[in-house]
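For reference, the structure discussed in these notes is given below.
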Amino acid sequence: MNFVKKSPWILHYDGSSCNGCDIEVLACLTPLYDVERFGIINTGNPKHADILLITGSVNEQNIPVVKQLYEQMAMPKVVVAVGICATSGGIFAECYNVVGGVDKVLPVDVYVPGCAARPEAIIDGVVKALGILEEKQKFARKKNS
Amino acid sequence: MGKRTVIPFGPQHPVLPEPIHLDLVLEDEVVVEAIPRIGYIHRGLEKLVEKKDYQQYTYVAERICGICSFMHGMGYCMAIESIMEVKIPERAEFLRTIWAELSRLHSHLLWLGLLADAFGFESLFMQSWKLREQVLDIFEETTGGRVIFSVCDIGGVRKDISADTLKKIAGIMDSMEKELKEISEVFINDSSVKSRTKGVGVLSKQAAFDLGAVGPMARASGIEMDMRTQGYAAYGKLNFKPVVEKKGDCYARTSVRINEMFQSMDLIKQCIAIIPEGDIKVKVTGNPNGEYFTRVEQPRGEVVYYAKANGSKYLDRLRVRTPTFANVPALLETLKGCALADVPILILTIDPCISCTER
Ligand code: SF4
């Protein structure tokens with residue numbers, strides 16, 4: 001990654017993860033991996049964010065929260081599901097209070113596998129998401145012109 | 001009396017990566033009541049024992065919480081081993097202790113960073129997490145995983161650490177001790193940091209006792225309670241004393257955790273000095289039958305595991321009482337009467353782990 005056209009801002013939401021993936025998401029921001037040098041910032045405000053990073057699966061209680069966060073984000077936006085929990089429910093898929101992966105409620109663009117997903121994999125996922133973001137932007141521009 | 005306002009805090013909030021919802025009832029700037037609402041991360045792990053057999057469940061137990069993953073696995077394995085009357089090799093016990101203390105180190109460093117972030121000291125946050133990466137590197141070198149490494153198994157541990165690596169770990173502990181001293185200076189002596197933590201959120205000894213606080217929260221209020229003194233794993237052969245403070249404010253809780261980090265490094269070095277040679281695992285056959293309680297001291301406090309087995313592959317019941325769950329009443333108590341600006345710090349000083357609270 002030697003050139004990024006856009007510095008995306010990230011909104012991180014913890015669905016029902018075990019924290020393993022969350023701390024790896026945070027680890028991406030800290031000195032060893034330091035994605036902040038590319039201008040990638042973890043923001044707490046959905047209105048500022050381009051990429052929604054979700055760790056953990058969804059359940060009845062957090063579905064409205066996840067949906068609300070997604071709806072508050074401005075277009076274009078992409079969703080990255082981090083960890084096997086967010087992609088399919090993973091080890092907890094059989095639990096009574098787990099509905100399944102994030103794609104049950106939101107359109108997911110990038111899936112990052114792993115339990116816990118490694119920071120390298122998460123960064124790779126975000127870079128892939130950037131490509132998709134660009135596509136979406138182009139598409140939106142074409143439609144408007 | 002001013003007008004009362006209710007401010008919702010969470011479930012998605014910048015200071016905490018995890019979702020917890022609090023309704024803060026305010027009178028002007030002062031919190032008069034905090035009403036928690038949990039359940040955003042509830043998965044129903046305890047009931048999963050009916051679907052995963054007792055050996056598979058080790059992996060689930062490790063995922064109760066990703067931060068103290070190893071200790072959850074260890075607590076569960078200890079419960080099953082005690083039911084099945086398995087005696088694990090001594091070397092395995094020492095290895096468990098080493099990994100457990102490393103976990104405590106990484107968890108406390110993570111917490112220190114988050115605390116710095118909560119009072120807006122960004123570079124201190126980065127420094128703490130930089131230090132933490134060294135611990136994760138040790139995990140990666142010895143087990144292959146960074147946060148969840150599934151190295152504990154019923155009957156022992158899956159991986160051995162070679163003598164060379166052990167020596168290297170001792171070396172890393174020495175150098176880390178110096179670096180940690182530098183950072184902890186800031187937490188202990190810096191006047192701007194002190195102004196945010198000193199005298200904030202005082203929990204008296206009696207209140208801590210009545211509300212059933214555990215771990216650093218109780219120890220900072222003067223209750224000398226540390227499950228490690230029971231001597232599970234190899235702790236019985238090590239020389240240590242629980243870290244206790246009197247004041248019960250945020251500052252005391254910070255210094256308890258900082259001193260525990262130095263203690264952990266010392267314990268790791270003690271283990272490395274006397275670790276015996278030998279096997280790391282015994283073969284376990286058959287199914288468990290009976291019930292057992294284990295108590296393990298995690299970074300956040302005491303965790304209680306209750307397992308009931310019926311002689312089949314699947315357990316009847318597993319109950320986990322996690323430390324944050326026990327600390328929430330104490331948190332609500334300290335929140336009463338604090339300023340709104342102190343709420344993030346107070347929530348952080350119990351070192352909340354919502355994922356294990358709700359399981
Ligand atoms: S994928 Fe694994 S590490 Fe990540 S949240 Fe799920 S159980 Fe935890």
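Starting from 1 in every chain, residues are counted up; chains themselves are A, B, ... following the order of the structure tokens, and ligands are numbered from 1 as listed.
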Identify, counting only C-alpha atoms and all ligand atoms, the protein, DNA and RNA residues located within 10 Å of ligand 1, and give them as a PyMOL selection string. (chain A and resi 14-24+54-57+81-92+112-118) or (chain B and resi 59-60+62-67+69+147-149+355)
Set the cut-off to 10 Å and count only C-alpha atoms: what are the residues of chain B that reach chain A? Output as a PyMOL selection string. chain B and resi 11-19+38-49+51-52+57+59-60+62-69+110+123+125-134+145-149+353-356+358-359
Backbone DSSP call of alpha helix (DSSP H) for region 6-250 of chain B, listed as a PyMOL selection string: chain B and resi 57-62+69-84+90-118+122-143+163-189+191-197+205-210+215-220+250
Mind the document's chain letters and residue numbers, and return as a list in words the residues of region 3-121 of chain B that DSSP labels strand (DSSP E).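 Going through region 3-121 of chain B, the strand (DSSP E) residues come out as Arg4, Thr5, Val6, Ile7, Pro8, Phe9, His21, Leu22, Asp23, Leu24, Val25, Leu26, Glu27, Val30, Val31, Val32, Glu33, Ala34, Ile35, Pro36 and Arg37 of chain B.
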Selection near Lys246 (chain B), 6 Å with only C-alpha atoms, sequence-local residues under 5 positions removed, as a PDB file with all heavy atoms, in the first residue's frame:
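This went into result38.pdb:
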```pdb
ATOM      1  N   ALA B 220      -8.242  -1.853  45.540  1.00  0.00           N
ATOM      2  CA  ALA B 220      -7.952  -0.424  45.653  1.00  0.00           C
ATOM      3  C   ALA B 220      -8.707   0.189  46.818  1.00  0.00           C
ATOM      4  O   ALA B 220      -8.366   1.261  47.287  1.00  0.00           O
ATOM      5  CB  ALA B 220      -8.310   0.282  44.358  1.00  0.00           C
ATOM      6  N   SER B 221      -9.764  -0.494  47.286  1.00  0.00           N
ATOM      7  CA  SER B 221     -10.511   0.027  48.429  1.00  0.00           C
ATOM      8  C   SER B 221     -10.063  -0.606  49.729  1.00  0.00           C
ATOM      9  O   SER B 221     -10.720  -0.467  50.755  1.00  0.00           O
ATOM     10  CB  SER B 221     -12.004  -0.229  48.226  1.00  0.00           C
ATOM     11  OG  SER B 221     -12.459   0.516  47.143  1.00  0.00           O
ATOM     12  N   GLY B 222      -9.001  -1.361  49.699  1.00  0.00           N
ATOM     13  CA  GLY B 222      -8.429  -1.884  50.926  1.00  0.00           C
ATOM     14  C   GLY B 222      -8.832  -3.302  51.279  1.00  0.00           C
ATOM     15  O   GLY B 222      -8.522  -3.776  52.366  1.00  0.00           O
TER      16      GLY B 222
END
```
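Between CA of Lys67 (chain A) and CA of Leu106 (chain A) lies a distance of 7.2 Å.
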Tell me which protein, DNA and RNA residues are within 8 Å of Val6 (chain B), counting only C-alpha atoms, leaving out same-chain ones fewer than 6 positions away, and put them as JSON, numbers by chain. {"B": [23, 24, 25, 26]}
Selection file, all heavy atoms, as a JSON list (two decimals), in the first residue's frame:
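Okay, part.json is ready:
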```
[["chain", "number", "residue", "atom", "x", "y", "z"],
["B", 23, "ASP", "N", -28.40, 5.11, 31.13],
["B", 23, "ASP", "CA", -29.18, 6.33, 31.15],
["B", 23, "ASP", "C", -28.67, 7.14, 32.33],
["B", 23, "ASP", "O", -28.82, 6.74, 33.48],
["B", 23, "ASP", "CB", -30.67, 6.03, 31.35],
["B", 23, "ASP", "CG", -31.31, 5.68, 30.03],
["B", 23, "ASP", "OD1", -30.91, 6.28, 29.02],
["B", 23, "ASP", "OD2", -32.20, 4.81, 30.00],
["B", 24, "LEU", "N", -28.04, 8.27, 32.04],
["B", 24, "LEU", "CA", -27.49, 9.09, 33.12],
["B", 24, "LEU", "C", -28.50, 10.17, 33.47],
["B", 24, "LEU", "O", -28.84, 11.00, 32.64],
["B", 24, "LEU", "CB", -26.18, 9.74, 32.69],
["B", 24, "LEU", "CG", -25.07, 8.78, 32.26],
["B", 24, "LEU", "CD1", -23.92, 9.54, 31.64],
["B", 24, "LEU", "CD2", -24.58, 7.99, 33.46],
["B", 25, "VAL", "N", -28.99, 10.12, 34.70],
["B", 25, "VAL", "CA", -29.93, 11.15, 35.15],
["B", 25, "VAL", "C", -29.11, 12.27, 35.77],
["B", 25, "VAL", "O", -28.37, 12.04, 36.72],
["B", 25, "VAL", "CB", -30.92, 10.57, 36.18],
["B", 25, "VAL", "CG1", -31.93, 11.63, 36.57],
["B", 25, "VAL", "CG2", -31.61, 9.35, 35.62],
["B", 26, "LEU", "N", -29.21, 13.47, 35.20],
["B", 26, "LEU", "CA", -28.36, 14.57, 35.65],
["B", 26, "LEU", "C", -29.16, 15.66, 36.32],
["B", 26, "LEU", "O", -30.31, 15.91, 35.97],
["B", 26, "LEU", "CB", -27.65, 15.22, 34.47],
["B", 26, "LEU", "CG", -26.74, 14.39, 33.60],
["B", 26, "LEU", "CD1", -26.15, 15.27, 32.53],
["B", 26, "LEU", "CD2", -25.64, 13.79, 34.42]]
```
